[in-house]
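Input: a single structure, listed below in structure tokens.
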Amino acid sequence: MTSEAWISGSSPVTRLLVAAACPLLAGCAPTDLVTALTQRAPHKVEAFTLQHHPGGGALSLSLSSPGARHDWIRKASVVTTPEALVHRDGVPVYKIRAQRGLLLGNNRLVQLDGAVELVHLQEPSMVVTGERLRWDTRQGRMTMAINLMMARGDMQANAGWAEFDFASTDLTLHDQVVVLDRSPQADHLRLEATTLHWNLASGEMMAPGPVKGWQNDPGGAVQFVQGVNLTGSSRRRWLELQAPVRLQTRRAGQWQAHGPVLWWLDRQQLESPGLLEAQVEDLHISGRAAALDLQQDVLTIAEDCQFRQPGEALNAQQCRWDLQEGMILASGEVVLQRDQYQQVTRAAQLQGRLGGDNVLRLMAPPQGQVTTELGLDPSG
């Protein structure tokens with residue numbers, strides 16, 4: 001008996017399997033091995049159970065099957081409808097079910113096939129399904145592939161294949177990764193990436209490379225967003241994309257950020273500390289340290305605010321624009337310039353609205369001071 005003790009509940013002749021005929025992770029075809037097992041008349045066992053006690057300590061894995069077939073020449077086992085429990089400190093944490101299974105190399109390597117399901121038994125609950133699971137029980141690493149889907153609360157992820165580390169609870173999704181957030185606050189957010197690293201304990205997420213997303217709900221404010229190197233947290237409900245970030249909203253036009261963009265999902269608020277530029281019809285807006293409230297359609301720019309359109313331009317230190325009401329509040333060294341009459345208006349603060357004719361109509365608040373300069377054509 002080695003320090004990693006495997007205890008079989010079938011019969012004495014089906015105890016420890018000491019070597020694998022072909023390495024599982026090298027791609028041994030299970031159908032060929034099943035055929036070989038049948039031809040060599042392997043030993044059949046009913047009510048097969050298996051337990052793993054690393055170093056003779058607490059139970060780490062238990063596997064049961066209503067039937068098993070052992071081949072002593074190939075040193076392999078084929079089990080039907082297996083169920084397994086993965087334990088941590090002797091407590092069941094994950095339950096795994098499949099249609100069939102293959103055990104190799106003294107039961108160190110396991111392959112499960114056909115409607116494989118992994119269920120996290122503790123809160124928050126999680127279910128991962130696929131069609132093939134390959135498992136190195138010694139290292140605690142698992143690979144799932146073929147029509148992979150993970151569901152956890154309002155979050156769902158699909159991918160071509162995934163790797164799962166039981167010790168670190170790191171889940172890495174590969175190949176056409178799609179993440180869906182079905183929570184009411186996120187308006188059915190859909191993200192697409194090539195690779196996604198997700199720690200299921202902390203909720204931290206990271207997707208290197210380009211990321212695309214949009215909100216499928218008709219009421220969602222974001223029609224399209226694209227950036228690179230996504231980071232975030234599924235627990236604290238935020239995402240951050242690195243520049244360049246492009247954003248198309250249903251009511252607030254097109255946006256481009258030259259710095260990172262932080263998206264608070266539950267508040268539906270976007271924040272960008274760097275330069276942000278937007279285009280709403282003929283109106284061009286730019287500034288730094290901007291925040292866009294997607295629920296209220298309110299844009300706030302804390303530094304270097306500029307509104308420009310044909311015939312006029314507004315510059316201020318800060319500004320707030322209510323897109324639903326069309327109301328604009330500009331403050332801090334405000335300068336409004338119009339081509340007509342070469343008009344220049346200066347004030348500490350101006351407020352008003354952008355009318356339906358796209359003309360800025362602004363005035364100073366009560367007790368506010370305004371100076372206006374006009375340049376008149378002498379020939380007129």
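Ordering of the structure tokens sets the chain letters (A, B, ...); residue numbers start at 1 within each chain; ligands are numbered from 1 in the order shown.
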
Shell around A:Arg308 at 6 Å using only C-alpha atoms, local window under 2 positions removed, as a compact mmCIF listing (two decimals) with C-alpha atoms, in the first residue's frame:
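As a result, out23.txt now contains:
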# COMPACT_ATOMS: atom_id res chain seq x y z
CA LEU A 283 -22.32 66.97 -31.01
CA HIS A 284 -18.80 65.94 -29.91
CA ALA A 313 -18.22 75.28 -28.48

Env of A:Gln248: 12 Å cut, atoms = only C-alpha atoms, seq-sep filter 3 positions within chain, self excluded. Answer as number ranges by chain.
A: 212-215, 220-226, 245, 251-257, 277-280, 294

Would you mind exporting N, CA and C atoms of the selected residues as a PDB file, in the first residue's frame?
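Saved as result.pdb:
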ATOM      1  N   LYS A 212     -15.606  41.369 -26.122  1.00  0.00           N
ATOM      2  CA  LYS A 212     -16.773  42.057 -26.660  1.00  0.00           C
ATOM      3  C   LYS A 212     -17.975  41.781 -25.751  1.00  0.00           C
ATOM      4  N   GLY A 213     -18.898  42.720 -25.726  1.00  0.00           N
ATOM      5  CA  GLY A 213     -20.084  42.519 -24.913  1.00  0.00           C
ATOM      6  C   GLY A 213     -21.235  43.394 -25.349  1.00  0.00           C
ATOM      7  N   TRP A 214     -22.423  43.038 -24.906  1.00  0.00           N
ATOM      8  CA  TRP A 214     -23.628  43.823 -25.139  1.00  0.00           C
ATOM      9  C   TRP A 214     -24.712  43.342 -24.187  1.00  0.00           C
ATOM     10  N   GLN A 215     -25.779  44.123 -24.077  1.00  0.00           N
ATOM     11  CA  GLN A 215     -26.905  43.768 -23.233  1.00  0.00           C
ATOM     12  C   GLN A 215     -28.058  43.329 -24.128  1.00  0.00           C
ATOM     13  N   GLY A 220     -31.772  47.363 -22.035  1.00  0.00           N
ATOM     14  CA  GLY A 220     -30.366  47.586 -21.687  1.00  0.00           C
ATOM     15  C   GLY A 220     -29.798  48.790 -22.417  1.00  0.00           C
ATOM     16  N   ALA A 221     -28.976  49.555 -21.724  1.00  0.00           N
ATOM     17  CA  ALA A 221     -28.445  50.787 -22.305  1.00  0.00           C
ATOM     18  C   ALA A 221     -27.305  50.537 -23.272  1.00  0.00           C
ATOM     19  N   VAL A 222     -26.564  49.431 -23.088  1.00  0.00           N
ATOM     20  CA  VAL A 222     -25.365  49.174 -23.891  1.00  0.00           C
ATOM     21  C   VAL A 222     -25.707  48.276 -25.069  1.00  0.00           C
ATOM     22  N   GLN A 223     -25.542  48.803 -26.261  1.00  0.00           N
ATOM     23  CA  GLN A 223     -25.730  47.998 -27.464  1.00  0.00           C
ATOM     24  C   GLN A 223     -24.468  47.204 -27.792  1.00  0.00           C
ATOM     25  N   PHE A 224     -23.305  47.789 -27.494  1.00  0.00           N
ATOM     26  CA  PHE A 224     -22.051  47.124 -27.833  1.00  0.00           C
ATOM     27  C   PHE A 224     -20.926  47.742 -27.026  1.00  0.00           C
ATOM     28  N   VAL A 225     -19.992  46.914 -26.552  1.00  0.00           N
ATOM     29  CA  VAL A 225     -18.795  47.400 -25.879  1.00  0.00           C
ATOM     30  C   VAL A 225     -17.639  46.489 -26.275  1.00  0.00           C
ATOM     31  N   GLN A 226     -16.471  47.074 -26.473  1.00  0.00           N
ATOM     32  CA  GLN A 226     -15.294  46.298 -26.852  1.00  0.00           C
ATOM     33  C   GLN A 226     -14.068  46.905 -26.206  1.00  0.00           C
ATOM     34  N   VAL A 245     -11.262  51.397 -25.527  1.00  0.00           N
ATOM     35  CA  VAL A 245     -12.602  50.871 -25.263  1.00  0.00           C
ATOM     36  C   VAL A 245     -13.602  51.620 -26.134  1.00  0.00           C
ATOM     37  N   ARG A 251     -29.036  55.359 -26.119  1.00  0.00           N
ATOM     38  CA  ARG A 251     -29.532  56.731 -26.002  1.00  0.00           C
ATOM     39  C   ARG A 251     -28.429  57.777 -25.933  1.00  0.00           C
ATOM     40  N   ALA A 252     -27.210  57.339 -25.612  1.00  0.00           N
ATOM     41  CA  ALA A 252     -26.139  58.318 -25.387  1.00  0.00           C
ATOM     42  C   ALA A 252     -25.057  58.268 -26.455  1.00  0.00           C
ATOM     43  N   GLY A 253     -25.355  57.702 -27.611  1.00  0.00           N
ATOM     44  CA  GLY A 253     -24.428  57.752 -28.728  1.00  0.00           C
ATOM     45  C   GLY A 253     -23.234  56.824 -28.598  1.00  0.00           C
ATOM     46  N   GLN A 254     -22.163  57.164 -29.338  1.00  0.00           N
ATOM     47  CA  GLN A 254     -20.944  56.357 -29.394  1.00  0.00           C
ATOM     48  C   GLN A 254     -19.880  56.982 -28.503  1.00  0.00           C
ATOM     49  N   TRP A 255     -19.153  56.098 -27.781  1.00  0.00           N
ATOM     50  CA  TRP A 255     -18.137  56.555 -26.843  1.00  0.00           C
ATOM     51  C   TRP A 255     -16.826  55.829 -27.111  1.00  0.00           C
ATOM     52  N   GLN A 256     -15.738  56.532 -26.898  1.00  0.00           N
ATOM     53  CA  GLN A 256     -14.420  55.929 -27.012  1.00  0.00           C
ATOM     54  C   GLN A 256     -13.562  56.419 -25.856  1.00  0.00           C
ATOM     55  N   ALA A 257     -13.003  55.465 -25.096  1.00  0.00           N
ATOM     56  CA  ALA A 257     -12.177  55.802 -23.944  1.00  0.00           C
ATOM     57  C   ALA A 257     -10.722  55.507 -24.266  1.00  0.00           C
ATOM     58  N   GLU A 277     -14.154  60.374 -25.162  1.00  0.00           N
ATOM     59  CA  GLU A 277     -14.752  61.123 -26.261  1.00  0.00           C
ATOM     60  C   GLU A 277     -16.074  60.469 -26.652  1.00  0.00           C
ATOM     61  N   ALA A 278     -17.038  61.299 -27.012  1.00  0.00           N
ATOM     62  CA  ALA A 278     -18.349  60.789 -27.391  1.00  0.00           C
ATOM     63  C   ALA A 278     -18.882  61.569 -28.584  1.00  0.00           C
ATOM     64  N   GLN A 279     -19.727  60.901 -29.372  1.00  0.00           N
ATOM     65  CA  GLN A 279     -20.353  61.521 -30.522  1.00  0.00           C
ATOM     66  C   GLN A 279     -21.842  61.224 -30.465  1.00  0.00           C
ATOM     67  N   VAL A 280     -22.651  62.278 -30.311  1.00  0.00           N
ATOM     68  CA  VAL A 280     -24.107  62.158 -30.329  1.00  0.00           C
ATOM     69  C   VAL A 280     -24.606  63.032 -31.471  1.00  0.00           C
ATOM     70  N   LEU A 294     -25.894  54.801 -16.688  1.00  0.00           N
ATOM     71  CA  LEU A 294     -26.675  54.213 -17.772  1.00  0.00           C
ATOM     72  C   LEU A 294     -28.156  54.130 -17.429  1.00  0.00           C
TER      73      LEU A 294
END

At a cut-off of 8 Å, using only C-alpha atoms, what residues contact stretch 230-234 of chain A? Leave out same-chain residues fewer than 5 positions from it and give the result as a PyMOL selection string.
chain A and resi 202-209+211+239-242

Selected residues written out, C-alpha atoms, as a PDB file, in the first residue's frame:
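Wrote it out as result.pdb, contents follow:
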ATOM      1  CA  SER A 202     -13.107  34.943  -4.579  1.00  0.00           C
ATOM      2  CA  GLY A 203     -15.120  35.656  -7.745  1.00  0.00           C
ATOM      3  CA  GLU A 204     -12.143  37.355  -9.404  1.00  0.00           C
ATOM      4  CA  MET A 205     -12.170  37.205 -13.211  1.00  0.00           C
ATOM      5  CA  MET A 206      -9.560  37.903 -15.876  1.00  0.00           C
ATOM      6  CA  ALA A 207      -9.793  37.600 -19.659  1.00  0.00           C
ATOM      7  CA  PRO A 208      -6.626  38.403 -21.634  1.00  0.00           C
ATOM      8  CA  GLY A 209      -6.978  39.743 -25.141  1.00  0.00           C
ATOM      9  CA  VAL A 211     -13.400  41.187 -25.148  1.00  0.00           C
ATOM     10  CA  LEU A 239     -15.795  44.750 -14.693  1.00  0.00           C
ATOM     11  CA  GLU A 240     -12.877  46.766 -16.036  1.00  0.00           C
ATOM     12  CA  LEU A 241     -11.704  46.956 -19.643  1.00  0.00           C
ATOM     13  CA  GLN A 242      -8.410  48.404 -20.787  1.00  0.00           C
TER      14      GLN A 242
END

Strand (DSSP E) positions in stretch 30-220 of chain A, given as number ranges by chain
A: 43-54, 61-71, 76-80, 83-88, 91-97, 100-104, 109-120, 126-136, 141-152, 155-165, 170-181, 189-199, 204-215

Which stretch 223-280 of chain A residues have any atom within 8 Å of an atom of stretch 175-191 of chain A, and for each, what is the nearest pair of atoms with distance in Å to one decimal, counting only C-alpha atoms, rows sorted by chain and number, as JSON lines?
{"residue": "A:Leu265", "atom": "CA", "partner": "A:Ala186", "partner_atom": "CA", "distance": 5.7}
{"residue": "A:Asp266", "atom": "CA", "partner": "A:Gln185", "partner_atom": "CA", "distance": 5.0}
{"residue": "A:Arg267", "atom": "CA", "partner": "A:Gln185", "partner_atom": "CA", "distance": 7.3}
{"residue": "A:Gln268", "atom": "CA", "partner": "A:Ala186", "partner_atom": "CA", "distance": 7.2}

Å distance separating atom CA of A:Glu163 from atom CA of A:Met126, one decimal place:
15.2 Å

Which residue out of A:Gly227, A:Gly90, A:Gly287, A:Gly332 has the minimum interatomic distance to A:Leu247 when only C-alpha atoms are used?
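When distances to A:Leu247 are compared using only C-alpha atoms, the smallest one comes from A:Gly227.
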
Report the distance between atom CA of A:Arg250 and atom CA of A:Ala316 in Å, rounded to one decimal place.
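Rounded to one decimal, the two atoms are 26.4 Å apart.
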
Counting only C-alpha atoms, the residue among A:Gln156, A:Thr300, A:Gln295, A:Ser77 that lies closest to A:Gln269 is A:Gln295

For the atom pair atom CA of A:Pro273 and atom CA of A:Val261, what is the interatomic distance in Å to one decimal place?
7.6 Å

List the neighbours of stretch 114-117 of chain A out to 8 Å using only C-alpha atoms; skip same-chain residues closer than 5 positions along the sequence, and give me the result as JSON, numbers by chain.
{"A": [96, 97, 98, 99, 100, 127, 128, 129, 130, 131, 132, 133]}

Which is closer to A:Gln340 than all the others in A:Asp322, A:Glu83, A:Glu46, A:Glu312, using only C-alpha atoms?
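That would be A:Glu312, the residue with the smallest distance to A:Gln340.
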
Taking a cut-off of 12 Å and counting only C-alpha atoms, can you build a table that, for each residue of stretch 218-323 of chain A near stretch 335-338 of chain A, reports the nearest atom pair and how far apart they are in Å (one decimal), sorted by chain then residue number, as a tab-separated table?
residue	atom	partner	partner_atom	distance
A:Asp304	CA	A:Val335	CA	11.7
A:Cys305	CA	A:Val335	CA	10.7
A:Gln306	CA	A:Val335	CA	9.7
A:Phe307	CA	A:Leu336	CA	9.3
A:Arg308	CA	A:Gln337	CA	9.6
A:Gln309	CA	A:Arg338	CA	9.9
A:Pro310	CA	A:Arg338	CA	9.1
A:Gly311	CA	A:Arg338	CA	5.7
A:Glu312	CA	A:Arg338	CA	4.3
A:Ala313	CA	A:Gln337	CA	5.2
A:Leu314	CA	A:Leu336	CA	4.5
A:Asn315	CA	A:Val335	CA	5.2
A:Ala316	CA	A:Val335	CA	6.5
A:Gln317	CA	A:Val335	CA	9.8
A:Gln318	CA	A:Val335	CA	11.7

Could you save the residues just selected, with C-alpha atoms, as a short mmCIF file (atom, residue, chain, number, x, y, z; two decimals), in the first residue's frame?
data_model
loop_
_atom_site.label_atom_id
_atom_site.label_comp_id
_atom_site.auth_asym_id
_atom_site.auth_seq_id
_atom_site.Cartn_x
_atom_site.Cartn_y
_atom_site.Cartn_z
CA ASP A 304 -11.52 69.50 -19.00
CA CYS A 305 -15.11 69.28 -20.26
CA GLN A 306 -15.72 70.25 -23.90
CA PHE A 307 -18.91 70.33 -26.00
CA ARG A 308 -18.37 71.07 -29.68
CA GLN A 309 -20.69 71.17 -32.65
CA PRO A 310 -20.91 73.21 -35.84
CA GLY A 311 -21.15 76.89 -34.94
CA GLU A 312 -20.47 76.71 -31.18
CA ALA A 313 -18.22 75.28 -28.48
CA LEU A 314 -18.41 75.07 -24.70
CA ASN A 315 -15.35 74.66 -22.45
CA ALA A 316 -15.44 74.20 -18.67
CA GLN A 317 -13.60 72.53 -15.86
CA GLN A 318 -16.59 70.34 -14.96
#
